[in-house]
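Student: Sharing entry.cif below, mmCIF, C-alpha atoms:
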data_model
loop_
_atom_site.group_PDB
_atom_site.id
_atom_site.type_symbol
_atom_site.label_atom_id
_atom_site.label_comp_id
_atom_site.auth_asym_id
_atom_site.auth_seq_id
_atom_site.Cartn_x
_atom_site.Cartn_y
_atom_site.Cartn_z
ATOM 1 C CA MET F 1 17.752 152.612 154.119
ATOM 2 C CA ASP F 2 16.499 155.966 152.848
ATOM 3 C CA SER F 3 18.406 159.177 153.487
ATOM 4 C CA VAL F 4 17.537 162.795 154.186
ATOM 5 C CA ASP F 5 19.508 166.037 154.434
ATOM 6 C CA VAL F 6 18.982 167.789 157.782
ATOM 7 C CA ASN F 7 21.081 170.446 159.497
ATOM 8 C CA GLY F 8 23.742 170.179 156.786
ATOM 9 C CA VAL F 9 24.236 166.411 157.141
ATOM 10 C CA GLU F 10 22.753 163.323 155.536
ATOM 11 C CA LEU F 11 21.061 160.839 157.854
ATOM 12 C CA GLU F 12 20.111 157.290 156.916
ATOM 13 C CA PHE F 13 16.712 156.173 158.209
ATOM 14 C CA GLU F 14 14.141 153.422 157.895
ATOM 15 C CA LEU F 15 10.424 153.208 158.654
ATOM 16 C CA ARG F 16 8.844 149.928 159.744
ATOM 17 C CA GLY F 17 5.184 149.195 160.338
ATOM 18 C CA ALA F 18 2.176 151.434 160.859
ATOM 19 C CA GLY F 19 0.588 153.197 163.799
ATOM 20 C CA GLU F 20 1.731 155.838 166.232
ATOM 21 C CA PRO F 21 5.363 156.758 165.454
ATOM 22 C CA VAL F 22 8.205 155.668 167.737
ATOM 23 C CA LEU F 23 11.633 157.180 167.106
ATOM 24 C CA LEU F 24 14.475 154.868 168.190
ATOM 25 C CA ILE F 25 17.831 156.476 169.046
ATOM 26 C CA ASP F 26 20.837 154.154 169.108
ATOM 27 C CA MET F 27 23.534 153.767 171.724
ATOM 28 C CA LEU F 28 27.250 153.573 170.873
ATOM 29 C CA ILE F 29 26.422 150.552 168.731
ATOM 30 C CA ALA F 30 24.575 151.382 165.528
ATOM 31 C CA ASP F 31 21.378 149.435 164.848
ATOM 32 C CA CYS F 32 21.031 148.387 168.490
ATOM 33 C CA PHE F 33 17.223 148.459 168.124
ATOM 34 C CA VAL F 34 17.170 146.016 165.206
ATOM 35 C CA PRO F 35 16.130 143.116 167.518
ATOM 36 C CA LEU F 36 12.888 144.972 168.312
ATOM 37 C CA LEU F 37 11.852 145.366 164.672
ATOM 38 C CA THR F 38 10.371 141.874 164.511
ATOM 39 C CA GLU F 39 8.732 141.819 167.945
ATOM 40 C CA PRO F 40 4.968 141.749 167.278
ATOM 41 C CA SER F 41 3.962 143.426 170.534
ATOM 42 C CA LEU F 42 5.744 146.572 169.371
ATOM 43 C CA ALA F 43 6.362 146.270 165.630
ATOM 44 C CA GLY F 44 2.824 145.033 165.004
ATOM 45 C CA ARG F 45 1.213 148.086 166.591
ATOM 46 C CA TYR F 46 3.528 151.048 165.995
ATOM 47 C CA GLN F 47 5.508 152.683 163.216
ATOM 48 C CA LEU F 48 9.134 152.219 164.239
ATOM 49 C CA ILE F 49 11.643 154.789 162.994
ATOM 50 C CA ARG F 50 15.302 153.940 163.251
ATOM 51 C CA TYR F 51 18.160 156.023 161.898
ATOM 52 C CA HIS F 52 21.924 156.338 161.905
ATOM 53 C CA LYS F 53 23.129 159.368 163.809
ATOM 54 C CA ARG F 54 25.694 161.613 162.181
ATOM 55 C CA GLY F 55 29.037 159.866 162.199
ATOM 56 C CA TRP F 56 27.590 156.350 162.150
ATOM 57 C CA VAL F 57 27.496 153.864 159.273
ATOM 58 C CA GLY F 58 26.470 155.728 156.091
ATOM 59 C CA SER F 59 25.287 158.971 157.662
ATOM 60 C CA THR F 60 27.555 161.985 157.222
ATOM 61 C CA HIS F 61 30.706 161.878 159.312
ATOM 62 C CA THR F 62 31.431 165.357 160.652
ATOM 63 C CA PRO F 63 34.489 166.481 162.618
ATOM 64 C CA PRO F 64 34.218 167.082 166.364
ATOM 65 C CA PRO F 65 32.739 168.545 168.357
ATOM 66 C CA VAL F 66 29.267 167.075 167.940
ATOM 67 C CA SER F 67 27.283 167.637 171.117
ATOM 68 C CA ILE F 68 24.366 165.743 172.608
ATOM 69 C CA GLY F 69 22.319 168.831 171.723
ATOM 70 C CA ASP F 70 23.443 168.572 168.088
ATOM 71 C CA HIS F 71 22.206 164.985 167.954
ATOM 72 C CA ALA F 72 18.903 166.071 169.527
ATOM 73 C CA ALA F 73 18.519 168.773 166.872
ATOM 74 C CA ASP F 74 19.149 166.196 164.142
ATOM 75 C CA ALA F 75 16.448 163.933 165.594
ATOM 76 C CA ALA F 76 13.974 166.816 165.711
ATOM 77 C CA ALA F 77 14.789 167.725 162.109
ATOM 78 C CA LEU F 78 14.234 164.111 161.037
ATOM 79 C CA LEU F 79 10.776 164.183 162.613
ATOM 80 C CA ASP F 80 10.071 167.416 160.739
ATOM 81 C CA HIS F 81 11.149 165.822 157.458
ATOM 82 C CA LEU F 82 8.777 162.922 158.099
ATOM 83 C CA GLY F 83 5.941 165.364 158.729
ATOM 84 C CA LEU F 84 5.548 164.277 162.344
ATOM 85 C CA GLU F 85 4.491 166.954 164.800
ATOM 86 C CA ARG F 86 5.278 164.621 167.694
ATOM 87 C CA ALA F 87 6.270 161.042 168.391
ATOM 88 C CA HIS F 88 7.065 158.570 171.117
ATOM 89 C CA ILE F 89 10.833 158.736 171.698
ATOM 90 C CA ALA F 90 12.995 155.837 172.871
ATOM 91 C CA GLY F 91 16.744 155.757 173.356
ATOM 92 C CA HIS F 92 19.328 153.329 174.674
ATOM 93 C CA SER F 93 22.412 154.368 176.690
ATOM 94 C CA THR F 94 23.908 157.413 174.906
ATOM 95 C CA GLY F 95 20.823 157.361 172.687
ATOM 96 C CA ALA F 96 18.688 157.726 175.811
ATOM 97 C CA SER F 97 20.775 160.735 176.784
ATOM 98 C CA ILE F 98 20.036 162.245 173.365
ATOM 99 C CA ALA F 99 16.352 161.414 173.820
ATOM 100 C CA ALA F 100 16.301 163.249 177.156
ATOM 101 C CA GLN F 101 17.938 166.309 175.585
ATOM 102 C CA LEU F 102 15.451 166.177 172.713
ATOM 103 C CA THR F 103 12.659 166.311 175.282
ATOM 104 C CA LEU F 104 14.215 169.355 176.922
ATOM 105 C CA ASP F 105 14.909 171.232 173.689
ATOM 106 C CA TYR F 106 11.882 170.186 171.621
ATOM 107 C CA ALA F 107 9.256 169.195 174.183
ATOM 108 C CA GLU F 108 6.418 169.788 171.723
ATOM 109 C CA LYS F 109 7.734 166.940 169.560
ATOM 110 C CA VAL F 110 7.830 164.372 172.372
ATOM 111 C CA HIS F 111 4.715 162.519 173.505
ATOM 112 C CA THR F 112 6.418 159.928 175.702
ATOM 113 C CA LEU F 113 10.014 159.160 176.580
ATOM 114 C CA THR F 114 11.440 155.650 177.035
ATOM 115 C CA LEU F 115 14.912 155.595 178.576
ATOM 116 C CA LEU F 116 16.777 152.309 178.324
ATOM 117 C CA GLU F 117 19.643 152.765 180.780
ATOM 118 C CA PRO F 118 20.741 156.300 179.838
ATOM 119 C CA THR F 119 24.376 157.100 180.517
ATOM 120 C CA LEU F 120 25.183 159.964 182.894
ATOM 121 C CA VAL F 121 28.891 160.193 183.618
ATOM 122 C CA SER F 122 28.405 163.177 185.946
ATOM 123 C CA LEU F 123 27.250 160.853 188.743
ATOM 124 C CA PRO F 124 29.898 159.385 191.068
ATOM 125 C CA LEU F 125 29.945 155.933 189.506
ATOM 126 C CA GLY F 126 30.072 157.526 186.057
ATOM 127 C CA GLN F 127 33.379 159.152 186.885
ATOM 128 C CA ALA F 128 34.668 155.862 188.271
ATOM 129 C CA PHE F 129 33.547 154.065 185.106
ATOM 130 C CA LEU F 130 35.438 156.528 182.908
ATOM 131 C CA LYS F 131 38.540 156.185 185.039
ATOM 132 C CA SER F 132 38.390 152.407 184.797
ATOM 133 C CA ALA F 133 38.119 152.746 181.012
ATOM 134 C CA THR F 134 41.558 154.394 180.708
ATOM 135 C CA PRO F 135 43.077 151.274 179.058
ATOM 136 C CA VAL F 136 40.264 151.388 176.484
ATOM 137 C CA PHE F 137 41.130 154.945 175.461
ATOM 138 C CA GLU F 138 44.816 154.073 175.420
ATOM 139 C CA ALA F 139 44.110 151.178 173.052
ATOM 140 C CA TYR F 140 42.095 153.461 170.771
ATOM 141 C CA ALA F 141 44.832 156.118 170.795
ATOM 142 C CA SER F 142 47.413 153.492 169.833
ATOM 143 C CA GLY F 143 45.340 152.510 166.796
ATOM 144 C CA ASP F 144 43.936 149.281 168.228
ATOM 145 C CA HIS F 145 40.334 150.069 167.393
ATOM 146 C CA SER F 146 39.120 146.473 167.540
ATOM 147 C CA GLY F 147 40.733 145.934 170.940
ATOM 148 C CA ALA F 148 39.293 149.186 172.278
ATOM 149 C CA PHE F 149 35.787 148.285 171.151
ATOM 150 C CA ALA F 150 36.076 144.784 172.602
ATOM 151 C CA MET F 151 37.204 146.060 175.994
ATOM 152 C CA PHE F 152 34.531 148.751 176.153
ATOM 153 C CA ALA F 153 31.682 146.489 175.017
ATOM 154 C CA ALA F 154 32.670 143.800 177.518
ATOM 155 C CA ALA F 155 32.946 146.291 180.383
ATOM 156 C CA ALA F 156 29.601 147.956 179.628
ATOM 157 C CA SER F 157 27.703 144.721 179.030
ATOM 158 C CA GLY F 158 29.216 142.796 181.941
ATOM 159 C CA LEU F 159 29.851 139.873 179.587
ATOM 160 C CA GLN F 160 33.084 138.229 178.569
ATOM 161 C CA TRP F 161 34.076 139.494 175.113
ATOM 162 C CA ASP F 162 33.586 136.151 173.375
ATOM 163 C CA GLU F 163 30.054 135.912 174.756
ATOM 164 C CA CYS F 164 29.352 139.555 173.981
ATOM 165 C CA ARG F 165 30.625 139.241 170.404
ATOM 166 C CA ALA F 166 28.546 136.119 169.773
ATOM 167 C CA LEU F 167 25.419 137.828 171.103
ATOM 168 C CA LEU F 168 25.952 140.950 168.995
ATOM 169 C CA GLU F 169 26.608 138.995 165.820
ATOM 170 C CA GLU F 170 23.606 136.738 166.376
ATOM 171 C CA ARG F 171 21.159 139.604 166.926
ATOM 172 C CA ILE F 172 22.728 142.279 164.650
ATOM 173 C CA PRO F 173 24.878 140.548 161.999
ATOM 174 C CA GLY F 174 27.930 142.576 160.973
ATOM 175 C CA VAL F 175 27.656 145.010 163.857
ATOM 176 C CA VAL F 176 31.089 144.292 165.342
ATOM 177 C CA ALA F 177 32.921 145.076 162.101
ATOM 178 C CA GLN F 178 30.786 148.195 161.620
ATOM 179 C CA SER F 179 31.470 149.355 165.175
ATOM 180 C CA ILE F 180 35.204 149.071 164.568
ATOM 181 C CA LYS F 181 34.802 151.147 161.386
ATOM 182 C CA ASP F 182 32.919 153.750 163.432
ATOM 183 C CA ALA F 183 35.547 153.814 166.202
ATOM 184 C CA ASP F 184 36.534 157.425 165.508
ATOM 185 C CA THR F 185 32.936 158.495 166.100
ATOM 186 C CA PHE F 186 32.604 156.176 169.095
ATOM 187 C CA PHE F 187 35.740 157.220 170.946
ATOM 188 C CA GLY F 188 36.625 160.540 169.345
ATOM 189 C CA ILE F 189 33.269 162.289 169.164
ATOM 190 C CA GLU F 190 30.334 160.720 170.990
ATOM 191 C CA LEU F 191 31.991 159.633 174.227
ATOM 192 C CA PRO F 192 33.647 163.062 174.665
ATOM 193 C CA ALA F 193 30.262 164.693 174.010
ATOM 194 C CA LEU F 194 28.740 162.551 176.738
ATOM 195 C CA THR F 195 31.342 163.703 179.265
ATOM 196 C CA GLU F 196 30.422 167.328 178.531
ATOM 197 C CA TRP F 197 26.664 166.816 178.696
ATOM 198 C CA ALA F 198 24.953 168.478 181.651
ATOM 199 C CA PHE F 199 21.895 166.673 182.987
ATOM 200 C CA GLY F 200 21.123 166.939 186.654
ATOM 201 C CA ALA F 201 18.119 167.235 188.947
ATOM 202 C CA GLU F 202 17.141 170.616 187.496
ATOM 203 C CA GLN F 203 17.047 169.313 183.931
ATOM 204 C CA ALA F 204 15.229 166.136 184.965
ATOM 205 C CA ALA F 205 12.552 168.121 186.784
ATOM 206 C CA ALA F 206 11.898 170.072 183.574
ATOM 207 C CA ILE F 207 10.791 166.951 181.681
ATOM 208 C CA HIS F 208 7.000 166.977 181.834
ATOM 209 C CA ARG F 209 6.304 163.921 179.748
ATOM 210 C CA PRO F 210 5.545 160.330 180.728
ATOM 211 C CA VAL F 211 8.828 158.465 181.138
ATOM 212 C CA LEU F 212 9.528 154.750 181.196
ATOM 213 C CA SER F 213 12.879 153.823 182.751
ATOM 214 C CA VAL F 214 14.027 150.376 181.625
ATOM 215 C CA LEU F 215 16.762 148.618 183.595
ATOM 216 C CA GLY F 216 18.449 145.252 183.181
ATOM 217 C CA ALA F 217 18.309 143.143 186.343
ATOM 218 C CA GLU F 218 21.940 142.119 185.738
ATOM 219 C CA THR F 219 23.280 145.532 184.717
ATOM 220 C CA GLN F 220 26.376 147.313 186.045
ATOM 221 C CA PRO F 221 26.224 149.470 189.233
ATOM 222 C CA LEU F 222 26.566 152.655 187.157
ATOM 223 C CA TRP F 223 23.147 152.196 185.539
ATOM 224 C CA ILE F 224 21.529 151.207 188.837
ATOM 225 C CA GLU F 225 22.742 154.522 190.253
ATOM 226 C CA ILE F 226 21.364 156.341 187.213
ATOM 227 C CA ALA F 227 17.995 154.590 187.522
ATOM 228 C CA GLU F 228 17.757 155.682 191.150
ATOM 229 C CA PHE F 229 18.602 159.252 190.124
ATOM 230 C CA LEU F 230 15.890 159.227 187.454
ATOM 231 C CA ARG F 231 13.367 157.789 189.880
ATOM 232 C CA SER F 232 13.995 160.548 192.395
ATOM 233 C CA SER F 233 14.216 163.397 189.884
ATOM 234 C CA LEU F 234 11.712 162.919 187.057
ATOM 235 C CA PRO F 235 8.161 164.124 187.730
ATOM 236 C CA TYR F 236 6.325 161.340 185.847
ATOM 237 C CA ILE F 237 8.201 158.049 185.710
ATOM 238 C CA GLU F 238 7.466 154.344 185.597
ATOM 239 C CA ASP F 239 10.054 151.597 186.078
ATOM 240 C CA SER F 240 10.502 148.290 184.279
ATOM 241 C CA THR F 241 13.179 145.748 185.156
ATOM 242 C CA ILE F 242 14.143 143.132 182.564
ATOM 243 C CA ASP F 243 15.227 139.810 184.044
ATOM 244 C CA GLY F 244 18.213 138.097 182.481
ATOM 245 C CA ALA F 245 19.573 141.255 180.865
ATOM 246 C CA GLY F 246 22.406 143.647 181.497
ATOM 247 C CA HIS F 247 23.162 146.904 179.724
ATOM 248 C CA LEU F 248 22.491 145.403 176.293
ATOM 249 C CA LEU F 249 18.815 145.021 177.240
ATOM 250 C CA GLN F 250 16.855 144.672 173.982
ATOM 251 C CA ILE F 251 19.788 142.929 172.304
ATOM 252 C CA GLN F 252 19.788 140.289 175.036
ATOM 253 C CA ARG F 253 16.040 140.031 175.674
ATOM 254 C CA PRO F 254 14.062 141.760 172.923
ATOM 255 C CA GLU F 255 10.683 140.194 173.721
ATOM 256 C CA PRO F 256 10.213 141.505 177.298
ATOM 257 C CA VAL F 257 11.697 144.888 176.386
ATOM 258 C CA ALA F 258 9.258 145.233 173.475
ATOM 259 C CA GLN F 259 6.388 144.146 175.715
ATOM 260 C CA ALA F 260 7.292 146.676 178.422
ATOM 261 C CA MET F 261 7.523 149.459 175.856
ATOM 262 C CA ALA F 262 4.251 148.494 174.172
ATOM 263 C CA GLU F 263 2.382 148.404 177.483
ATOM 264 C CA PHE F 264 3.759 151.821 178.443
ATOM 265 C CA LEU F 265 2.878 153.344 175.072
ATOM 266 C CA GLY F 266 -0.572 151.791 175.309
ATOM 267 C CA ARG F 267 -1.140 153.537 178.622
ATOM 268 C CA ASN F 268 -0.122 156.851 177.047
ATOM 269 C CA PRO F 269 -1.723 156.914 173.584
ATOM 270 C CA MET F 270 -1.381 159.787 171.169
ATOM 271 C CA ARG F 271 -4.972 160.949 171.083
ATOM 272 C CA PRO F 272 -6.837 163.575 170.658
ATOM 273 C CA ILE F 273 -10.273 162.164 171.109
ATOM 274 C CA GLU F 274 -12.093 162.606 167.824
ATOM 275 C CA GLY F 275 -14.564 165.478 167.871
ATOM 276 C CA ALA F 276 -13.476 166.728 171.287
ATOM 277 C CA PRO F 277 -12.324 170.322 171.823
ATOM 278 C CA ASP F 278 -8.696 170.932 172.715
ATOM 279 C CA THR F 279 -9.580 171.413 176.362
ATOM 280 C CA ALA F 280 -11.035 167.893 176.485
ATOM 281 C CA ARG F 281 -7.890 166.228 175.270
ATOM 282 C CA GLU F 282 -6.146 164.047 177.767
ATOM 283 C CA GLU F 283 -2.830 165.333 179.062
ATOM 284 C CA PRO F 284 -0.031 163.146 177.679
ATOM 285 C CA TRP F 285 1.308 162.524 181.159
ATOM 286 C CA SER F 286 -1.987 161.677 182.892
ATOM 287 C CA ALA F 287 -1.349 157.924 182.873
ATOM 288 C CA ALA F 288 2.161 158.528 184.129
ATOM 289 C CA ARG F 289 0.817 160.608 187.000
ATOM 290 C CA LYS F 290 -1.344 157.660 188.044
ATOM 291 C CA ALA F 291 1.706 155.400 187.865
ATOM 292 C CA VAL F 292 3.683 157.788 190.060
ATOM 293 C CA GLU F 293 0.952 157.624 192.682
ATOM 294 C CA ALA F 294 0.990 153.803 192.660
ATOM 295 C CA PRO F 295 3.470 151.800 194.790
ATOM 296 C CA ARG F 296 6.779 151.080 193.077
ATOM 297 C CA SER F 297 9.050 148.078 193.259
ATOM 298 C CA PRO F 298 12.603 148.819 194.352
ATOM 299 C CA VAL F 299 15.433 149.263 191.868
ATOM 300 C CA PRO F 300 17.562 146.071 191.931
ATOM 301 C CA ARG F 301 20.898 146.200 193.678
#
Starting from the coordinates I provided, produce the structure as structure tokens.
Tutor:
Amino acid sequence: MDSVDVNGVELEFELRGAGEPVLLIDMLIADCFVPLLTEPSLAGRYQLIRYHKRGWVGSTHTPPPVSIGDHAADAAALLDHLGLERAHIAGHSTGASIAAQLTLDYAEKVHTLTLLEPTLVSLPLGQAFLKSATPVFEAYASGDHSGAFAMFAAAASGLQWDECRALLEERIPGVVAQSIKDADTFFGIELPALTEWAFGAEQAAAIHRPVLSVLGAETQPLWIEIAEFLRSSLPYIEDSTIDGAGHLLQIQRPEPVAQAMAEFLGRNPMRPIEGAPDTAREEPWSAARKAVEAPRSPVPR
């Protein structure tokens, strides 16, 4: 991977393919978008940009606190370094939370927003999820980083740990060992930042960009609650449900996730129309407005 200095830290990044740029923001597992990099429906049509957030893998590890807003500022600075005035933005779980904050803080840089099960712990089930994770934090505090990661990954994915580990290693080789190395960032910095992040109906209503909300049909109740919140709060939103997937979504079923993203991006291209005046340019959320007006399928329960 290449590296760049932004906001006083060094971030590792990689560019894949050609076309309209799509910035991919990881969850609490680095390289979680790697399974999408070889999916032709997406990788064959777009330039995919993946990077390691501060504190992950070889990017600079900084002491806490590092807020969701700090991560959003880093992402915006990376786009600046790449000479990109705007891009499609996609994030998974905590990465989706960062993507939403990026859209609030740097709206001019965001053309579309794809949210793969963002994590909002301010909702009722979010608080219950954190409470149920008390043994995970106790394991981390005792120095059992591998046990803490195993318990958290199993709880979030809804899979038994052996099945979860096998899936992760098959799709992203080496990721379990790397996640254990990054445990201090995972448990000591990014999860605390998520608990302090404020994103409610007021913030959601301020996002005036086309949004695709992607949900696993077999996901945990927390992310079903979040999907319902997004559906009722975001002005321009489409839904996509991925059969046979839980919270790990594109790690479990990369092909349908890539297809859903590609279709959404195709409905919201980064024009302008060549030779047309600025006033003739299509609003970036016009396709999303049409989708809002169309009937929607219910969020799975």
Student: Restricting the calculation to only C-alpha atoms: of F:Gly8, F:Pro65, F:Pro40, F:Gly216, which residue gets closest to F:Asp239?
Tutor: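 Of F:Gly8, F:Pro65, F:Pro40, F:Gly216, the one nearest F:Asp239, counting only C-alpha atoms, is F:Gly216.
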Student: Report, in Å with one decimal, the straight-line distance from atom CA of F:Ser97 to atom CA of F:Leu120.
Tutor: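 Separation between atom CA of F:Ser97 and atom CA of F:Leu120: 7.6 Å.
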Student: Could you list, as a CSV table (one decimal) with C-alpha atoms, in the coordinates of the input, every residue within 12 Å of F:Ala99, counting all atoms listed in the file and ignoring same-chain residues fewer than 4 positions away?
Tutor:
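Written output follows (result35.csv):
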chain,number,residue,atom,x,y,z
F,22,VAL,CA,8.2,155.7,167.7
F,23,LEU,CA,11.6,157.2,167.1
F,24,LEU,CA,14.5,154.9,168.2
F,25,ILE,CA,17.8,156.5,169.0
F,26,ASP,CA,20.8,154.2,169.1
F,27,MET,CA,23.5,153.8,171.7
F,68,ILE,CA,24.4,165.7,172.6
F,69,GLY,CA,22.3,168.8,171.7
F,70,ASP,CA,23.4,168.6,168.1
F,71,HIS,CA,22.2,165.0,168.0
F,72,ALA,CA,18.9,166.1,169.5
F,73,ALA,CA,18.5,168.8,166.9
F,74,ASP,CA,19.1,166.2,164.1
F,75,ALA,CA,16.4,163.9,165.6
F,76,ALA,CA,14.0,166.8,165.7
F,87,ALA,CA,6.3,161.0,168.4
F,88,HIS,CA,7.1,158.6,171.1
F,89,ILE,CA,10.8,158.7,171.7
F,90,ALA,CA,13.0,155.8,172.9
F,91,GLY,CA,16.7,155.8,173.4
F,92,HIS,CA,19.3,153.3,174.7
F,93,SER,CA,22.4,154.4,176.7
F,94,THR,CA,23.9,157.4,174.9
F,95,GLY,CA,20.8,157.4,172.7
F,103,THR,CA,12.7,166.3,175.3
F,104,LEU,CA,14.2,169.4,176.9
F,105,ASP,CA,14.9,171.2,173.7
F,106,TYR,CA,11.9,170.2,171.6
F,107,ALA,CA,9.3,169.2,174.2
F,109,LYS,CA,7.7,166.9,169.6
F,110,VAL,CA,7.8,164.4,172.4
F,111,HIS,CA,4.7,162.5,173.5
F,112,THR,CA,6.4,159.9,175.7
F,113,LEU,CA,10.0,159.2,176.6
F,114,THR,CA,11.4,155.6,177.0
F,115,LEU,CA,14.9,155.6,178.6
F,116,LEU,CA,16.8,152.3,178.3
F,117,GLU,CA,19.6,152.8,180.8
F,118,PRO,CA,20.7,156.3,179.8
F,119,THR,CA,24.4,157.1,180.5
F,199,PHE,CA,21.9,166.7,183.0
F,207,ILE,CA,10.8,167.0,181.7
F,209,ARG,CA,6.3,163.9,179.7
F,211,VAL,CA,8.8,158.5,181.1
Student: Contacts of F:Ser240 at 12 Å or less, counting all atoms listed in the file, minus same-chain residues fewer than 4 places along, as a ChimeraX atom specification?
Tutor: /F:114-117,211-217,227,231,245,249,256-264,291,296-300
Student: Quick one: apply the PyMOL selection byres ((chain F and resi 61) around 12) to the file and drop the selected residues here as a list in words.
Tutor: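 That selection, the PyMOL selection byres ((chain F and resi 61) around 12), comes back as Gly8, Val9, Glu10, Leu11, Glu12, His52, Lys53, Arg54, Gly55, Trp56, Val57, Gly58, Ser59, Thr60, Thr62, Pro63, Pro64, Pro65, Val66, Lys181, Asp182, Ala183, Asp184, Thr185, Phe186, Gly188, Ile189 and Glu190 of chain F.
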Student: Determine, counting all atoms listed in the file, every residue of protein, DNA or RNA that lies within 9 Å of (25.8, 161.7, 188.0) in the file coordinates, then give the result as a short mmCIF file (atom, residue, chain, number, x, y, z; two decimals) with C-alpha atoms, in the frame of the given file.
Tutor:
data_model
loop_
_atom_site.label_atom_id
_atom_site.label_comp_id
_atom_site.auth_asym_id
_atom_site.auth_seq_id
_atom_site.Cartn_x
_atom_site.Cartn_y
_atom_site.Cartn_z
CA THR F 119 24.38 157.10 180.52
CA LEU F 120 25.18 159.96 182.89
CA VAL F 121 28.89 160.19 183.62
CA SER F 122 28.40 163.18 185.95
CA LEU F 123 27.25 160.85 188.74
CA PRO F 124 29.90 159.38 191.07
CA LEU F 125 29.94 155.93 189.51
CA GLY F 126 30.07 157.53 186.06
CA GLN F 127 33.38 159.15 186.88
CA PHE F 199 21.90 166.67 182.99
CA GLY F 200 21.12 166.94 186.65
CA GLU F 225 22.74 154.52 190.25
CA ILE F 226 21.36 156.34 187.21
CA PHE F 229 18.60 159.25 190.12
#
Student: Edge lengths and centre in Å to one decimal, as lines of an AutoDock Vina configuration file, of the axis-aligned box that encloses all listed atoms of stretch 204-221 of chain F with 4 Å added on every side?
Tutor:
center_x = 16.0
center_y = 156.1
center_z = 184.5
size_x = 28.8
size_y = 36.0
size_z = 17.5
Student: F:Gly83, F:Pro221, F:Gly244, F:Pro35: which is nearest F:Pro21, counting all atoms listed in the file?
Tutor: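 Under the stated criterion, the closest residue is F:Gly83.
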Student: Which of these residues is nearest to F:Ser146, using all atoms listed in the file: F:Ile49, F:Val6, F:Ile180, F:Ala166?
Tutor: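 Result for the nearest residue to F:Ser146: F:Ile180.
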Student: Please complete stretch 67-82 of chain F so it has N, CA and C atoms, and hand it over as a compact mmCIF listing (two decimals), in the frame of the given file.
Tutor:
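Now in rebuild.txt:
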# COMPACT_ATOMS: atom_id res chain seq x y z
N SER F 67 27.81 167.72 169.76
CA SER F 67 27.28 167.64 171.12
C SER F 67 26.03 166.78 171.18
N ILE F 68 25.64 166.44 172.40
CA ILE F 68 24.37 165.74 172.61
C ILE F 68 23.22 166.61 172.08
N GLY F 69 23.33 167.92 172.26
CA GLY F 69 22.32 168.83 171.72
C GLY F 69 22.27 168.82 170.21
N ASP F 70 23.43 168.67 169.55
CA ASP F 70 23.44 168.57 168.09
C ASP F 70 22.69 167.33 167.63
N HIS F 71 22.92 166.22 168.30
CA HIS F 71 22.21 164.98 167.95
C HIS F 71 20.70 165.16 168.18
N ALA F 72 20.32 165.84 169.27
CA ALA F 72 18.90 166.07 169.53
C ALA F 72 18.28 166.92 168.43
N ALA F 73 19.02 167.92 167.95
CA ALA F 73 18.52 168.77 166.87
C ALA F 73 18.35 167.98 165.59
N ASP F 74 19.28 167.06 165.32
CA ASP F 74 19.15 166.20 164.14
C ASP F 74 17.89 165.34 164.23
N ALA F 75 17.64 164.77 165.42
CA ALA F 75 16.45 163.93 165.59
C ALA F 75 15.17 164.74 165.38
N ALA F 76 15.14 165.96 165.90
CA ALA F 76 13.97 166.82 165.71
C ALA F 76 13.78 167.15 164.23
N ALA F 77 14.88 167.41 163.53
CA ALA F 77 14.79 167.72 162.11
C ALA F 77 14.31 166.52 161.30
N LEU F 78 14.71 165.31 161.71
CA LEU F 78 14.23 164.11 161.04
C LEU F 78 12.72 163.98 161.20
N LEU F 79 12.23 164.22 162.40
CA LEU F 79 10.78 164.18 162.61
C LEU F 79 10.07 165.21 161.73
N ASP F 80 10.65 166.39 161.62
CA ASP F 80 10.07 167.42 160.74
C ASP F 80 10.02 166.92 159.30
N HIS F 81 11.11 166.33 158.83
CA HIS F 81 11.15 165.82 157.46
C HIS F 81 10.07 164.78 157.23
N LEU F 82 9.79 163.97 158.22
CA LEU F 82 8.78 162.92 158.10
C LEU F 82 7.36 163.45 158.29
